[in-house]
Amino acid sequence: MYKNGELYNDEEFGKIVIKPWQLLTNKQHLRDVVRDYCIQSGFLVVVLKASNLRWTVKCSASNCEWRLHASRLPNGVTWEIKSIQNMEHTCSGLEVKNPMVSTKWATRVLLEDIRANNDIPAKSLNQLLWQRYGVQMSASTLYRMRSKALRDSNGGHDILYAQLPDYCEMVRSTNLGSSAFYAWTPQDHIDMIPQFLSIFISFKGCIDGLLAGYRSFIGVDGAHLKGNYGGVLLSTVALDANNELFPFAWAIVSVEDTDNWNLFVWHLKNFLKDSGRGDEWCIISDRQKGIDAALTELWPKA
Ligand SMILES: [Zn+2]
């Protein structure tokens, strides 16, 4: 069935090439690839025939006979470009904004960039559109598109946050000796929705590993989290015999301050105190944003 076909290769970026015998994973993929190609090459197609079996489009310019015909393969899913007639357009392309450039299209082609940087400005999004497709969109449209894309892609996370208590309980009951603690805002009123404050996790396997082969020398630090919910990741690492890092406990908190470092150091000390090595650990840190105060207060021997 596929002996003449060649699977369309989704190039990262660069010039989009479509040709006969290319196979597309399904009809939506075919339409997406043709749309990307048209936008990049600056012309518009109109659909001549569309059914469950065939799809034919032609250049919208009346003096141009560019035409693409595709059909569904017998497997019922894959589509194949059967022919492209008059591959060189005889029209000079669109002189106005391409109506194929839609918000939905922009969301698809920019989604990964938005996920990588939730605050990416419209100017940068336009630079990407320009480099890849030679088109631009209005800043207000791009900002609206960005907000919607983030809402859609982060939509499930609030549900996952709500599952953290169960997760902690499961870690403690199935992984005996592990630490898993979470905190919520106190619920003063029945209508108040509790909000996530922090979580601290360290697995028994990690602490066993630490005690089996590591010196009593650990590093602690905080790192800002990207993404819709922000927050700070506090973590602690040990060095193995090759001086490679071994993370063994981490927490997520709202900000890096003395209260949150107190919480982290308190859990960490409790976790290590039963290790048989006492509490004379050597701790390296940047002594910033409350680490120093927390260590002095809670772990003076460190
Ligand atoms: Zn044309």
# chains A, B, ... in the order shown; residues from 1 in each chain; ligands from 1
>>> residues_around(residues="A:Arg54", least_positions_apart="5", cutoff="7 Å", atoms="only C-alpha atoms", output="list of chain:residue names")
A:Lys49, A:Ala70, A:Ser71, A:Arg72
>>> residues_near_ligand(ligand="ligand 1", cutoff="6 Å", atoms="only C-alpha atoms and all ligand atoms", output="JSON, numbers by chain")
{"A": [59, 61, 64, 66, 89, 90, 91, 93]}
>>> write_last_selection(atoms="N, CA and C atoms", output="compact mmCIF listing (two decimals), in the first residue's frame")
# COMPACT_ATOMS: atom_id res chain seq x y z
N CYS A 59 -5.42 27.01 -6.55
CA CYS A 59 -5.02 28.39 -6.26
C CYS A 59 -6.22 29.30 -6.52
N ALA A 61 -6.33 32.35 -7.42
CA ALA A 61 -6.20 33.33 -8.51
C ALA A 61 -6.82 32.74 -9.79
N CYS A 64 -4.53 31.22 -12.54
CA CYS A 64 -3.52 30.25 -12.10
C CYS A 64 -4.14 28.87 -12.00
N TRP A 66 -2.63 26.15 -10.54
CA TRP A 66 -2.03 25.31 -9.49
C TRP A 66 -3.16 24.54 -8.80
N HIS A 89 3.31 28.38 -9.88
CA HIS A 89 2.14 29.25 -10.01
C HIS A 89 2.33 30.22 -11.18
N THR A 90 1.25 30.45 -11.93
CA THR A 90 1.32 31.50 -12.94
C THR A 90 0.80 32.83 -12.39
N CYS A 91 0.27 32.77 -11.15
CA CYS A 91 -0.14 34.02 -10.51
C CYS A 91 1.06 34.58 -9.74
N GLY A 93 0.90 35.51 -6.63
CA GLY A 93 0.66 35.38 -5.19
C GLY A 93 -0.22 36.49 -4.67
>>> closest_residue(among="A:Gly213, A:Gly290, A:Pro121, A:Gly76", to="A:Asp240", atoms="only C-alpha atoms")
A:Gly213
>>> residues_around(residues="stretch 258-260 of chain A", least_positions_apart="4", cutoff="7 Å", atoms="only C-alpha atoms", output="MDAnalysis selection string")
chainID A and resid 253 264 289:291 293:294
>>> residues_around(residues="stretch 131-147 of chain A", least_positions_apart="3", cutoff="8 Å", atoms="only C-alpha atoms", output="mmCIF file with N, CA and C atoms, in the first residue's frame")
data_model
loop_
_atom_site.group_PDB
_atom_site.id
_atom_site.type_symbol
_atom_site.label_atom_id
_atom_site.label_comp_id
_atom_site.auth_asym_id
_atom_site.auth_seq_id
_atom_site.Cartn_x
_atom_site.Cartn_y
_atom_site.Cartn_z
ATOM 1 N N PHE A 13 11.743 23.830 11.040
ATOM 2 C CA PHE A 13 11.384 25.065 10.356
ATOM 3 C C PHE A 13 12.074 25.025 9.007
ATOM 4 N N GLY A 14 11.959 26.084 8.265
ATOM 5 C CA GLY A 14 12.586 26.087 6.947
ATOM 6 C C GLY A 14 11.538 25.959 5.863
ATOM 7 N N ASP A 36 0.128 25.503 5.951
ATOM 8 C CA ASP A 36 1.455 26.051 6.252
ATOM 9 C C ASP A 36 2.192 26.407 4.962
ATOM 10 N N ILE A 39 0.655 29.533 3.295
ATOM 11 C CA ILE A 39 0.979 30.762 4.006
ATOM 12 C C ILE A 39 2.434 31.137 3.744
ATOM 13 N N GLN A 40 3.305 30.120 3.806
ATOM 14 C CA GLN A 40 4.717 30.413 3.585
ATOM 15 C C GLN A 40 4.974 30.884 2.153
ATOM 16 N N SER A 41 4.254 30.303 1.188
ATOM 17 C CA SER A 41 4.507 30.708 -0.198
ATOM 18 C C SER A 41 3.652 31.894 -0.640
ATOM 19 N N THR A 103 -6.135 32.845 13.841
ATOM 20 C CA THR A 103 -5.658 32.701 15.222
ATOM 21 C C THR A 103 -5.423 31.229 15.546
ATOM 22 N N ALA A 106 -2.149 30.271 14.063
ATOM 23 C CA ALA A 106 -1.021 30.818 14.825
ATOM 24 C C ALA A 106 -0.825 30.044 16.125
ATOM 25 N N THR A 107 -1.934 29.641 16.764
ATOM 26 C CA THR A 107 -1.821 28.872 18.009
ATOM 27 C C THR A 107 -1.068 27.574 17.750
ATOM 28 N N ILE A 114 5.257 29.303 23.038
ATOM 29 C CA ILE A 114 4.527 29.894 24.169
ATOM 30 C C ILE A 114 4.707 29.026 25.417
ATOM 31 N N PRO A 121 6.674 38.076 24.437
ATOM 32 C CA PRO A 121 5.925 39.237 23.948
ATOM 33 C C PRO A 121 5.484 39.064 22.493
ATOM 34 N N ALA A 122 4.445 39.838 22.124
ATOM 35 C CA ALA A 122 3.903 39.761 20.760
ATOM 36 C C ALA A 122 4.997 40.050 19.741
ATOM 37 N N LYS A 123 5.913 40.939 20.089
ATOM 38 C CA LYS A 123 6.982 41.289 19.154
ATOM 39 C C LYS A 123 7.815 40.048 18.803
ATOM 40 N N LEU A 125 6.808 36.904 19.083
ATOM 41 C CA LEU A 125 5.961 35.965 18.338
ATOM 42 C C LEU A 125 5.921 36.373 16.872
ATOM 43 N N ASN A 126 5.826 37.698 16.630
ATOM 44 C CA ASN A 126 5.818 38.169 15.248
ATOM 45 C C ASN A 126 7.137 37.907 14.542
ATOM 46 N N GLN A 127 8.237 38.012 15.292
ATOM 47 C CA GLN A 127 9.540 37.708 14.683
ATOM 48 C C GLN A 127 9.578 36.254 14.220
ATOM 49 N N LEU A 128 9.043 35.351 15.077
ATOM 50 C CA LEU A 128 9.025 33.926 14.721
ATOM 51 C C LEU A 128 8.148 33.685 13.494
ATOM 52 N N LEU A 150 -2.483 29.462 26.746
ATOM 53 C CA LEU A 150 -2.016 29.110 28.092
ATOM 54 C C LEU A 150 -3.154 28.559 28.944
ATOM 55 N N ARG A 151 -4.340 29.190 28.790
ATOM 56 C CA ARG A 151 -5.502 28.686 29.545
ATOM 57 C C ARG A 151 -5.772 27.244 29.150
#
>>> atom_distance(atom1="atom CA of A:Arg215", atom2="atom CA of A:Val255")
29.7 Å
>>> atom_distance(atom1="atom CA of A:Ile16", atom2="atom CA of A:Leu44")
15.3 Å
>>> residues_around(residues="A:Trp250", least_positions_apart="6", cutoff="12 Å", atoms="only C-alpha atoms", output="ChimeraX atom specification")
/A:179-182,198-203,206,219-223,232-237,261,263-265,267-268,271
>>> select_by_dssp(residues="stretch 247-288 of chain A", states="helix (DSSP H, G or I)", output="list of chain:residue names")
A:Thr258, A:Asp259, A:Asn260, A:Trp261, A:Asn262, A:Leu263, A:Phe264, A:Val265, A:Trp266, A:His267, A:Leu268, A:Lys269, A:Asn270, A:Phe271, A:Leu272, A:Lys273
>>> write_last_selection(atoms="N, CA and C atoms", output="tab-separated table (two decimals), in the first residue's frame")
chain	number	residue	atom	x	y	z
A	258	THR	N	12.57	33.45	54.31
A	258	THR	CA	12.99	32.73	55.52
A	258	THR	C	11.96	31.68	55.93
A	259	ASP	N	10.67	32.02	55.87
A	259	ASP	CA	9.63	31.07	56.28
A	259	ASP	C	9.70	29.78	55.47
A	260	ASN	N	9.84	29.95	54.16
A	260	ASN	CA	9.86	28.77	53.31
A	260	ASN	C	11.15	27.98	53.45
A	261	TRP	N	12.26	28.69	53.64
A	261	TRP	CA	13.51	27.97	53.89
A	261	TRP	C	13.46	27.25	55.25
A	262	ASN	N	12.79	27.88	56.24
A	262	ASN	CA	12.60	27.21	57.53
A	262	ASN	C	11.87	25.88	57.34
A	263	LEU	N	10.82	25.95	56.54
A	263	LEU	CA	10.03	24.75	56.28
A	263	LEU	C	10.90	23.66	55.63
A	264	PHE	N	11.67	24.07	54.65
A	264	PHE	CA	12.50	23.11	53.92
A	264	PHE	C	13.58	22.52	54.83
A	265	VAL	N	14.27	23.41	55.57
A	265	VAL	CA	15.36	22.95	56.44
A	265	VAL	C	14.82	22.05	57.54
A	266	TRP	N	13.63	22.39	58.04
A	266	TRP	CA	13.02	21.60	59.10
A	266	TRP	C	12.74	20.17	58.62
A	267	HIS	N	12.12	20.07	57.43
A	267	HIS	CA	11.86	18.73	56.86
A	267	HIS	C	13.16	17.99	56.58
A	268	LEU	N	14.13	18.72	56.04
A	268	LEU	CA	15.39	18.09	55.65
A	268	LEU	C	16.13	17.55	56.87
A	269	LYS	N	16.14	18.35	57.93
A	269	LYS	CA	16.85	17.94	59.14
A	269	LYS	C	16.17	16.71	59.76
A	270	ASN	N	14.83	16.76	59.81
A	270	ASN	CA	14.09	15.60	60.34
A	270	ASN	C	14.39	14.35	59.54
A	271	PHE	N	14.51	14.56	58.27
A	271	PHE	CA	14.71	13.46	57.35
A	271	PHE	C	16.11	12.85	57.54
A	272	LEU	N	17.09	13.71	57.80
A	272	LEU	CA	18.47	13.23	57.90
A	272	LEU	C	18.87	12.81	59.31
A	273	LYS	N	18.08	13.26	60.30
A	273	LYS	CA	18.54	13.05	61.67
A	273	LYS	C	18.54	11.57	62.06
>>> atom_distance(atom1="atom CA of A:Pro20", atom2="atom CA of A:Ile84")
6.3 Å
